[in-house]
Every structure is written in C-alpha cells, then in structure tokens.
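Report on the structure given below.
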2 protein chains.
Amino acid sequence: MADPSLNALVDALRRLPGVGVKSASRMAYHLLQHDREGAQLLAQALMQATARIRQCSLCHTFTEEEVCPTCRDPQRDASKLCVVETPADQAALERTAAYRGRYFVLMGKLSPLDGIGPQDIGLGKLFQRATDGLVQEVILATNFTAEGEATAHVIGEALKQRGLKVTRLARGVPAGSELEYVDLGTIAHALVDRR
Amino acid sequence: MADPSLNALVDALRRLPGVGVKSASRMAYHLLQHDREGAQLLAQALMQATARIRQCSLCHTFTEEEVCPTCRDPQRDASKLCVVETPADQAALERTAAYRGRYFVLMGKLSPLDGIGPQDIGLGKLFQRATDGLVQEVILATNFTAEGEATAHVIGEALKQRGLKVTRLARGVPAGSELEYVDLGTIAHALVDRR
Ligand SMILES: [Zn+2]
Ligand SMILES: [Zn+2]
C-alpha cells in the first residue's frame with residue numbers, strides 16, 4: 001500500500017482538527033472514488049483562502065482586506081465594542097440583529113493549560129482599540145464556559161482599570177424554555193441577573 | 001461575514017464525508033488561524049492525488065500506475081484471488097502477512113438501497129479476472145456486516161456457477177478473547193465453522 005500520493009493526502013487530512021487516521025483514510029478514499037471534483041474545489045479554496053484571508057487590523061477577524069467591512073461601516077456605533085472569542089460567535093450575534101456596535105474578535109480564549117496567554121488573543125490590540133477615545137462601553141460576549149468566563153474576567157478587570165464601562169451578556173433562561181426543564185445553575189444565574 | 005474566500009473554503013470542506021457546517025467552520029478557522037502551512041500542504045496533496053491516483057486496471061485498487069505493485073509482483077500466488085471491499089481492508093489483510101495471493105478491491109459493496117449495484121463495484125471485471133485461467137480459488141473477505149455478507153453471497157454464487165472454488169474468511173472467536181466476554185452470535189458462528 002506504499003502509494004506516496006495517497007499517503008501524503010491522508011497525512012495532510014489528519015492535520016484538520018478532529019480528524020484521525022481512520023477518518024482521514026475514509027475522506028481520501030471518498031474523494032478519490034466519488035468526488036474528485038470536490039477534491040479539486042477544496043484544493044483551490046484552500047489556496048485562495050490562505051492567499052487572500054488575513055486578520056482585520058482593527059478587530060482581528062478574518063477578512064480579505066486591511067480593515068473588515070464591519071469596522072469600515074460608518075453606520076455602526078463606534079461607542080460600543082463587543083468582545084467575542086471567534087468569528088462564528090460574531091456571526092451568531094449579527095444574526096440577532098440586536099447589536100449595531102463594533103467588535104473585537106479574540107480568535108481564541110485564555111487557556112493557560114494550552115499555553116494560550118494574553119498576547120495570543122491580542123489583548124494589547126484590544127486595549128488599544130478600547131481606549132481610542134470613541135469606545136465608551138465594552139460588552140464581554142465570550143462563551144459561558146470556564147475558560148470564556150476567566151477570559152471575560154481578565155479583560156473586564158483590565159478595562160475597568162482604564163476607566164471604561166464594562167458589561168457582560170446576561171446569563172439567564174433561554175427564550176422559549178419552561179423552567180421545569182432548565183438546569184439549576186441557569187435558573188440561579190437568572191435570579192442573580194434578574195432585571 | 002460575507003467573506004467569499006472563507007465561505008468557499010467552508011463549503012468545500014463540507015464535501016468531506018462526515019463534515020457538517022459546524023466542523024467545516026472549525027476546520028477553516030483552525031487552518032487560517034493556526035496552520036496555514038497545513039492548509040497549503042493539503043491543497044498540494046489534493047491536487048497531486050487527483051492528478052496521479054487512478055485505479056489499477058487489474059484489481060481496481062488505487063495506484064499511481066496502470067497496474068498496481070501487488071498485481072505486478074511475480075512473487076505473489078496468482079492462483080488465489082482475495083476479494084475485499086476497500087483498500088483499507090486489503091491493507092489490514094496485508095498486515096497479517098498470512099496471505100500471499102492477489103486481490104480484487106470492490107471499492108464498495110452491494111447496497112441496493114443506496115443504488116449501488118454490480119456494475120458499481122466492478123463485478124464484470126472481477127469475473128473476468130477470476131476466470132483468467134490462473135485463479136483457482138477466490139477468497140471472499142468482504143466485511144461481516146449485512147451488506148458485506150450479501151455481497152459475498154452474490155459473488156460466491158456467480159463464481160461457483162463458473163466452476164471456481166470459493167471460500168469465505170472464517171467467522172469465529174477473536175484471538176486472545178475469553179469466551180465469557182464474546183457475544184453469542186460470534187460463539188454460535190464459531191461453533192458452526194468449527195474445524
Ligand atoms: Zn474589523
Ligand atoms: Zn492491482
């Protein structure tokens with residue numbers, strides 16, 4: 001089975017997160033057997049994305065330009081800056097259409113065990129952006145996980161010291177849920193954060 | 001979030017088997033954020049594999065040549081032909097070093113519900129190969145699943161009608177297992193196939 005092109009393809013697929021040697025082989029066989037067009041499309045998309053996509057110099061999200069469309073949009077409220085972990089989280093917030101301010105995308109979260117510290121999530125750049133004189137409120141929208149909460153805490157403390165208003169997304173009962181089926185921790189948080 | 005290169009990459013990754021929109025996004029972000037070298041390697045591996053890899057004209061496995069190394073190897077016993085579903089199954093048999101005959105790789109299995117019929121797994125080519133005058137025994141090594149068993153049955157009946165000796169891998173108790181922990185169906189099969 002010493003087929004160098006096939007081995008190279010399986011090895012390359014294994015670099016994708018969550019893909020082990022078994023799924024990499026299955027993917028390689030599938031592409032070669034049933035979807036060579038898909039394989040070529042993927043190759044082109046990878047080349048194009050790595051050549052064109054960089055990070056916005058203002059908010060760190062992925063963009064094909066020096067400054068992303070959201071940061072350039074004059075309609076957006078420059079007095080509010082929402083801090084999220086990933087572009088996917090930013091997209092989730094955008095889908096709500098409930099926020100018209102600006103963003104800073106950490107592209108990760110503090111995770112000392114994985115060696116991810118303040119510089120890896122661009123905190124220097126965030127503090128610079130937050131103190132540009134336009135931002136008046138920073139909304140921490142990191143995930144409600146242990147690492148997301150810790151990240152929000154660190155950022156919040158640092159920004160409060162710089163005299164900024166810092167808020168956090170409310171924890172609470174998901175819209176449409178019946179209390180009977182909501183976990184206790186969520187109800188407890190909803191009580192604490194009650195309006 | 002209308003970033004055409006990023007959207008194209010996520011769409012292309014979704015063509016991989018078992019990859020939905022969430023994992024495709026996670027993969028795209030990972031490659032762009034942490035492993036651009038891996039993205040470029042994968043693009044090259046895909047281009048090279050689709051350009052170079054075809055199916056062996058004798059056994060249907062993937063190879064970079066007209067006839068694969070296994071089919072070309074004069075040391076291998078041409079009187080035995082082992083039928084497997086996939087190159088991965090062939091590799092598993094090769095690792096045992098217990099078989100020195102030749103192979104035919106179906107590149108699938110009969111699956112009427114998925115519209116996979118005899119022509120899709122190359123049965124015409126298999127029957128031609130099995131009746132080349134050299135092959136004396138065909139060993140059916142399809143998987144011991146419902147579809148693998150059905151495939152073995154169809155192939156076995158057709159080859160017996162052509163006067164060939166047809167055998168099937170033995171079902172039985174895995175080496176190293178204690179009977180107490182082996183499932184009943186396996187023990188029943190081991191009784192039927194006892195030597
Ligand atoms: Zn931006
Ligand atoms: Zn071959």
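Residue names in the structure tokens use chain letters A, B, ... in the order shown, residue numbers from 1 in each chain, and ligand numbers from 1 in the order shown.
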
Please return as JSON, numbers by chain the residues found within 12 Å of ligand 2, counting only C-alpha atoms and all ligand atoms.
{"A": [1], "B": [54, 55, 56, 57, 58, 59, 60, 61, 62, 63, 64, 65, 66, 67, 68, 69, 70, 71, 72, 73, 76, 78, 81, 82, 83, 87, 90, 101, 102, 103, 104, 105, 106, 125, 126, 129]}

What residues in chain B have any atom no more than 6 Å from chain A when counting only C-alpha atoms, and can you write them as a VMD selection string?
chain B and resid 5 8 to 9 12 16 to 17 27 39 42 to 43 45 to 46 49

Can I get the selection written as an mmCIF file, in the first residue's frame, with C-alpha atoms?
```
data_model
loop_
_atom_site.group_PDB
_atom_site.id
_atom_site.type_symbol
_atom_site.label_atom_id
_atom_site.label_comp_id
_atom_site.auth_asym_id
_atom_site.auth_seq_id
_atom_site.Cartn_x
_atom_site.Cartn_y
_atom_site.Cartn_z
ATOM 1 C CA SER B 5 -12.874 33.052 0.172
ATOM 2 C CA ALA B 8 -15.866 28.955 -0.382
ATOM 3 C CA LEU B 9 -13.467 27.157 1.968
ATOM 4 C CA ALA B 12 -15.533 22.888 0.073
ATOM 5 C CA LEU B 16 -15.726 15.746 3.044
ATOM 6 C CA PRO B 17 -17.692 12.768 4.416
ATOM 7 C CA MET B 27 -11.576 23.414 10.368
ATOM 8 C CA ALA B 39 -3.714 24.233 4.504
ATOM 9 C CA LEU B 42 -3.446 19.773 1.999
ATOM 10 C CA ALA B 43 -4.105 21.761 -1.182
ATOM 11 C CA ALA B 45 -1.753 16.780 -1.625
ATOM 12 C CA LEU B 46 -5.271 17.027 -3.076
ATOM 13 C CA ALA B 49 -3.549 12.797 -5.557
#
```

Contacts of Lys109 of chain A at 9 Å (only C-alpha atoms; same-chain gap of 5+ positions) as a PyMOL selection string:
chain A and resi 85-86+116-118+120-121+142+147-148+150-152

List every residue of chain A that DSSP, applied to the backbone of this structure, places in alpha helix (DSSP H), and write the result as a ChimeraX atom specification.
/A:4-13,21-34,36-52,69-72,87-96,123-130,146-161,184-192

Pull the strand (DSSP E) assignments for chain B out of DSSP run on the backbone, and list those residues as a PDB file with C-alpha atoms, in the first residue's frame.
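The new file states.pdb reads:
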```
ATOM      1  CA  ARG B  54      -6.187   6.108 -10.616  1.00  0.00           C
ATOM      2  CA  GLN B  55      -7.492   2.566 -10.204  1.00  0.00           C
ATOM      3  CA  PHE B  62      -5.877   2.983  -6.022  1.00  0.00           C
ATOM      4  CA  THR B  63      -2.464   3.253  -7.614  1.00  0.00           C
ATOM      5  CA  ASP B  77       0.477 -16.535  -5.881  1.00  0.00           C
ATOM      6  CA  ALA B  78      -1.695 -15.955  -8.960  1.00  0.00           C
ATOM      7  CA  SER B  79      -3.870 -18.976  -8.157  1.00  0.00           C
ATOM      8  CA  LYS B  80      -5.518 -17.200  -5.222  1.00  0.00           C
ATOM      9  CA  LEU B  81      -7.682 -14.091  -5.511  1.00  0.00           C
ATOM     10  CA  CYS B  82      -8.936 -12.369  -2.369  1.00  0.00           C
ATOM     11  CA  VAL B  83     -11.986 -10.076  -2.726  1.00  0.00           C
ATOM     12  CA  VAL B  84     -12.142  -7.140  -0.311  1.00  0.00           C
ATOM     13  CA  GLY B 101      -2.087 -14.279  -3.213  1.00  0.00           C
ATOM     14  CA  ARG B 102      -3.637 -11.495  -5.278  1.00  0.00           C
ATOM     15  CA  TYR B 103      -6.555  -9.160  -4.616  1.00  0.00           C
ATOM     16  CA  PHE B 104      -9.620  -7.667  -6.155  1.00  0.00           C
ATOM     17  CA  VAL B 105     -10.857  -4.492  -4.455  1.00  0.00           C
ATOM     18  CA  GLU B 137      -9.569 -20.141  -5.526  1.00  0.00           C
ATOM     19  CA  VAL B 138     -11.456 -16.954  -4.744  1.00  0.00           C
ATOM     20  CA  ILE B 139     -11.417 -15.959  -1.063  1.00  0.00           C
ATOM     21  CA  LEU B 140     -14.321 -13.713  -0.109  1.00  0.00           C
ATOM     22  CA  LYS B 165     -13.531 -22.823  -5.780  1.00  0.00           C
ATOM     23  CA  VAL B 166     -14.943 -20.134  -3.500  1.00  0.00           C
ATOM     24  CA  THR B 167     -14.088 -19.734   0.202  1.00  0.00           C
ATOM     25  CA  ARG B 168     -15.025 -17.205   2.863  1.00  0.00           C
TER      26      ARG B 168
END
```

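As for atom CA of Val173 of chain A and atom CA of Phe144 of chain A, they are spaced 13.2 Å apart.
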
In Å, how far is it from atom CA of Asp132 of chain A to atom CA of Tyr99 of chain A?
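Separation of atom CA of Asp132 of chain A and atom CA of Tyr99 of chain A: 20.2 Å.
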
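Distance-wise, atom CA of Asp183 of chain B and atom CA of Ala92 of chain B end up 22.8 Å apart.
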
Name the residues in contact with Ala190 of chain A at a cut-off of 10 Å, using only C-alpha atoms, excluding same-chain residues fewer than 2 positions from it; report them as a VMD selection string.
chain A and resid 170 to 174 184 to 188 192 to 195
